[in-house]
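Below is input_16.txt, which holds compact mmCIF, C-alpha atoms.
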```txt
# COMPACT_ATOMS: atom_id res chain seq x y z
CA MET A 1 6.25 -43.27 8.34
CA THR A 2 4.67 -45.16 5.47
CA ASN A 3 4.59 -43.95 1.89
CA HIS A 4 0.82 -43.39 2.13
CA SER A 5 1.22 -41.25 5.29
CA ARG A 6 3.86 -39.13 3.60
CA LYS A 7 1.57 -38.50 0.65
CA ASP A 8 -1.25 -37.49 3.00
CA ALA A 9 1.04 -35.14 4.94
CA ARG A 10 2.36 -33.60 1.72
CA ALA A 11 -1.17 -33.14 0.37
CA ALA A 12 -2.25 -31.44 3.60
CA LEU A 13 0.80 -29.14 3.50
CA VAL A 14 0.20 -28.18 -0.13
CA SER A 15 -3.51 -27.57 0.57
CA GLY A 16 -2.66 -25.38 3.56
CA LEU A 17 -0.14 -23.33 1.59
CA LEU A 18 -2.57 -22.90 -1.29
CA LEU A 19 -5.29 -21.73 1.09
CA ALA A 20 -2.87 -19.25 2.72
CA VAL A 21 -1.96 -17.81 -0.70
CA ILE A 22 -5.62 -17.48 -1.70
CA VAL A 23 -6.53 -15.74 1.58
CA THR A 24 -3.54 -13.38 1.28
CA VAL A 25 -4.34 -12.42 -2.33
CA SER A 26 -8.07 -11.99 -1.74
CA GLY A 27 -7.35 -9.98 1.43
CA GLY A 28 -4.98 -7.78 -0.58
CA PHE A 29 -7.73 -7.14 -3.12
CA THR A 30 -10.17 -6.22 -0.38
CA ILE A 31 -7.74 -3.95 1.43
CA LEU A 32 -6.48 -2.27 -1.70
CA SER A 33 -9.89 -1.60 -3.20
CA ALA A 34 -9.74 2.07 -2.26
CA ARG A 35 -11.86 4.14 -4.59
CA PRO A 36 -11.78 7.89 -5.21
CA GLY A 37 -14.24 9.65 -2.97
CA LEU A 38 -13.79 7.44 0.06
CA PRO A 39 -13.93 9.23 3.41
CA GLY A 40 -10.46 10.18 4.54
CA VAL A 41 -9.02 10.22 1.03
CA VAL A 42 -8.60 13.83 0.00
CA GLY A 43 -7.19 14.72 -3.42
CA GLU A 44 -5.40 17.92 -4.21
CA ARG A 45 -7.34 20.36 -6.33
CA ILE A 46 -6.24 21.11 -9.86
CA ALA A 47 -7.50 23.74 -12.31
CA GLY A 48 -11.27 24.15 -12.26
CA GLY A 49 -11.69 22.49 -8.83
CA LYS A 50 -11.18 18.96 -10.22
CA VAL A 51 -9.30 16.33 -8.26
CA SER A 52 -6.31 14.61 -9.87
CA LEU A 53 -6.71 10.83 -9.88
CA LYS A 54 -2.93 10.45 -9.49
CA GLU A 55 -3.04 12.54 -6.29
CA ILE A 56 -5.92 10.50 -4.91
CA ARG A 57 -4.04 7.28 -5.60
CA HIS A 58 -0.88 8.59 -3.93
CA GLU A 59 -2.87 9.51 -0.84
CA ALA A 60 -4.82 6.24 -0.82
CA TYR A 61 -1.64 4.16 -1.10
CA CYS A 62 0.14 6.15 1.58
CA THR A 63 -2.86 5.80 3.89
CA TYR A 64 -3.03 2.08 3.11
CA ALA A 65 0.67 1.65 3.91
CA VAL A 66 0.31 3.49 7.23
CA LYS A 67 -2.64 1.30 8.23
CA ARG A 68 -0.74 -1.88 7.33
CA LEU A 69 2.53 -0.87 9.00
CA VAL A 70 1.09 0.69 12.15
CA PRO A 71 -1.78 -1.46 13.42
CA GLY A 72 -4.36 0.67 15.15
CA ALA A 73 -3.32 3.90 13.38
CA ILE A 74 -6.17 6.36 13.83
CA ASN A 75 -6.98 9.88 12.68
CA ILE A 76 -4.85 9.62 9.53
CA HIS A 77 -4.89 12.90 7.63
CA LEU A 78 -2.89 14.59 4.89
CA GLU A 79 -0.46 17.37 5.73
CA ALA A 80 0.83 19.97 3.28
CA THR A 81 2.90 18.25 0.60
CA PRO A 82 6.21 19.66 -0.66
CA ASP A 83 5.70 18.34 -4.23
CA ASP A 84 3.41 16.23 -6.42
CA ASN A 85 5.23 12.98 -5.64
CA THR A 86 5.42 13.24 -1.85
CA ARG A 87 2.64 12.68 0.69
CA ILE A 88 3.01 13.48 4.37
CA MET A 89 0.40 11.97 6.67
CA ARG A 90 -0.13 12.63 10.39
CA PHE A 91 -1.80 10.02 12.53
CA GLY A 92 -2.41 8.95 16.10
CA PRO A 93 -4.72 10.28 18.78
CA ASP A 94 -2.88 13.60 18.94
CA GLY A 95 -1.41 13.61 15.41
CA ALA A 96 2.13 13.26 16.74
CA ASN A 97 3.13 10.45 14.36
CA ILE A 98 4.27 11.29 10.84
CA ALA A 99 4.53 9.09 7.75
CA ARG A 100 6.26 10.34 4.61
CA CYS A 101 5.63 8.54 1.30
CA GLU A 102 7.67 9.41 -1.76
CA PHE A 103 6.60 8.18 -5.18
CA LEU A 104 8.61 7.97 -8.39
CA PRO A 105 7.60 10.56 -11.01
CA SER A 106 5.11 8.98 -13.42
CA ALA A 107 7.38 9.92 -16.36
CA GLN A 108 10.09 7.74 -14.81
CA ALA A 109 7.97 4.83 -13.58
CA GLY A 110 4.94 4.93 -15.85
CA ASP A 111 2.73 3.72 -13.00
CA VAL A 112 2.25 4.60 -9.35
CA ARG A 113 5.43 3.33 -7.66
CA MET A 114 6.54 4.15 -4.13
CA SER A 115 10.27 4.88 -3.91
CA LYS A 116 10.73 5.67 -0.20
CA MET A 117 8.69 5.71 2.97
CA SER A 118 9.46 6.62 6.54
CA VAL A 119 7.40 6.48 9.71
CA ASN A 120 8.47 8.84 12.49
CA ASP A 121 11.80 9.46 10.67
CA LYS A 122 12.59 5.74 10.48
CA ARG A 123 13.09 4.68 6.87
CA LEU A 124 11.49 1.45 5.79
CA HIS A 125 13.62 -1.34 4.35
CA ARG A 126 13.63 -1.77 0.56
CA GLN A 127 11.84 -5.13 0.84
CA VAL A 128 8.91 -3.49 2.63
CA ILE A 129 8.67 -0.88 -0.15
CA ASP A 130 8.79 -3.67 -2.75
CA ALA A 131 5.93 -5.47 -0.98
CA ILE A 132 3.85 -2.27 -0.95
CA ASN A 133 4.57 -1.77 -4.67
CA MET A 134 3.49 -5.36 -5.38
CA ARG A 135 0.15 -4.67 -3.72
CA ILE A 136 -0.16 -1.43 -5.70
CA ASP A 137 0.50 -3.42 -8.89
CA VAL A 138 -2.26 -5.89 -7.98
CA LEU A 139 -4.78 -3.08 -7.48
CA GLU A 140 -3.74 -1.26 -10.67
CA TYR A 141 -4.06 -4.52 -12.61
CA ARG A 142 -7.48 -5.14 -11.09
CA ARG A 143 -8.68 -1.66 -12.04
CA SER A 144 -7.69 -2.03 -15.70
```

File written out as structure tokens:
Amino acid sequence: MTNHSRKDARAALVSGLLLAVIVTVSGGFTILSARPGLPGVVGERIAGGKVSLKEIRHEAYCTYAVKRLVPGAINIHLEATPDDNTRIMRFGPDGANIARCEFLPSAQAGDVRMSKMSVNDKRLHRQVIDAINMRIDVLEYRRS
């Protein structure tokens, strides 16, 4: 292989990787652009019938994670939640599947940060949670 061919191959590889990064980031922005008031995103009521933005974000991020982790997940809806930092979602044609998302308290994390998630009682690996939190960070940065 000549020096010129190597440079061309390297340039093509770098261009391909750059394009893949751009598509991934722009796709993340599109997917994570959940806004309050979207159909299927239901916030808990607080005093005076107002919806807490933190609760809406928790539900939106949990729904987002379910859709990304379980392709074809349908009929995603919120179940009763045991506390402010936990969201339990049922999904599937008959609602038999359960996802549980646990978030760090905002006093501890400062931002919306997922600490644990399980789908059908199978806990997700820490790296998957870190990837979800990175996407949450991108959306939070974009909103500010």

Legend entry - Atomic separation - atom CA of Phe91 of chain A relative to atom CA of Arg126 of chain A, Å: 22.8 Å

Inset, instruction - Rank nothing, just name the residue among A:Phe103, A:Ala73, A:Cys62, A:Lys67 nearest to Met89 of chain A, using only C-alpha atoms. - result: A:Cys62

Legend entry - Atom pair atom CA of Ile98 of chain A / atom CA of Asn85 of chain A: separation (Å):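 One can read the atom CA of Ile98 of chain A to atom CA of Asn85 of chain A distance as 16.6 Å.
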
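Compared by their closest atoms to Arg123 of chain A, and using only C-alpha atoms, the residues A:Arg100, A:Arg142, A:Val66, A:Asp111 rank with A:Arg100 nearest.
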
Legend entry - Atomic separation - atom CA of Lys122 of chain A relative to atom CA of Asn97 of chain A, Å: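 Straight-line distance from atom CA of Asn97 of chain A to atom CA of Lys122 of chain A works out to 11.3 Å.
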
Supply segment 68-86 of chain A as a compact mmCIF listing (two decimals), in the coordinates of the input, with N, CA and C atoms built in where the input has gaps.
```
# COMPACT_ATOMS: atom_id res chain seq x y z
N ARG A 68 -1.34 -0.55 7.31
CA ARG A 68 -0.74 -1.88 7.33
C ARG A 68 0.49 -1.94 8.23
N LEU A 69 1.27 -0.87 8.26
CA LEU A 69 2.53 -0.87 9.00
C LEU A 69 2.36 -0.51 10.47
N VAL A 70 1.32 0.26 10.78
CA VAL A 70 1.09 0.69 12.15
C VAL A 70 -0.32 0.25 12.55
N PRO A 71 -0.45 -0.99 13.03
CA PRO A 71 -1.78 -1.46 13.42
C PRO A 71 -2.41 -0.52 14.45
N GLY A 72 -3.66 -0.21 14.23
CA GLY A 72 -4.36 0.67 15.15
C GLY A 72 -4.15 2.15 14.86
N ALA A 73 -3.51 2.48 13.73
CA ALA A 73 -3.32 3.90 13.38
C ALA A 73 -4.69 4.55 13.21
N ILE A 74 -4.89 5.66 13.90
CA ILE A 74 -6.17 6.36 13.83
C ILE A 74 -5.93 7.81 13.45
N ASN A 75 -7.00 8.46 13.04
CA ASN A 75 -6.98 9.88 12.68
C ASN A 75 -5.90 10.19 11.64
N ILE A 76 -5.84 9.39 10.58
CA ILE A 76 -4.85 9.62 9.53
C ILE A 76 -5.35 10.77 8.65
N HIS A 77 -4.51 11.79 8.50
CA HIS A 77 -4.89 12.90 7.63
C HIS A 77 -3.68 13.46 6.91
N LEU A 78 -3.94 14.05 5.75
CA LEU A 78 -2.89 14.59 4.89
C LEU A 78 -2.41 15.93 5.42
N GLU A 79 -1.09 16.09 5.41
CA GLU A 79 -0.46 17.37 5.73
C GLU A 79 -0.11 18.05 4.41
N ALA A 80 0.36 19.28 4.48
CA ALA A 80 0.83 19.97 3.28
C ALA A 80 1.94 19.15 2.63
N THR A 81 1.91 19.06 1.30
CA THR A 81 2.90 18.25 0.60
C THR A 81 3.90 19.16 -0.11
N PRO A 82 5.19 18.82 -0.04
CA PRO A 82 6.21 19.66 -0.66
C PRO A 82 6.21 19.59 -2.19
N ASP A 83 5.75 18.48 -2.77
CA ASP A 83 5.70 18.34 -4.23
C ASP A 83 4.64 17.32 -4.62
N ASP A 84 4.45 17.13 -5.93
CA ASP A 84 3.41 16.23 -6.42
C ASP A 84 3.66 14.76 -6.09
N ASN A 85 4.90 14.39 -5.85
CA ASN A 85 5.23 12.98 -5.64
C ASN A 85 5.48 12.61 -4.19
N THR A 86 5.20 13.51 -3.27
CA THR A 86 5.42 13.24 -1.85
C THR A 86 4.11 13.47 -1.09
```
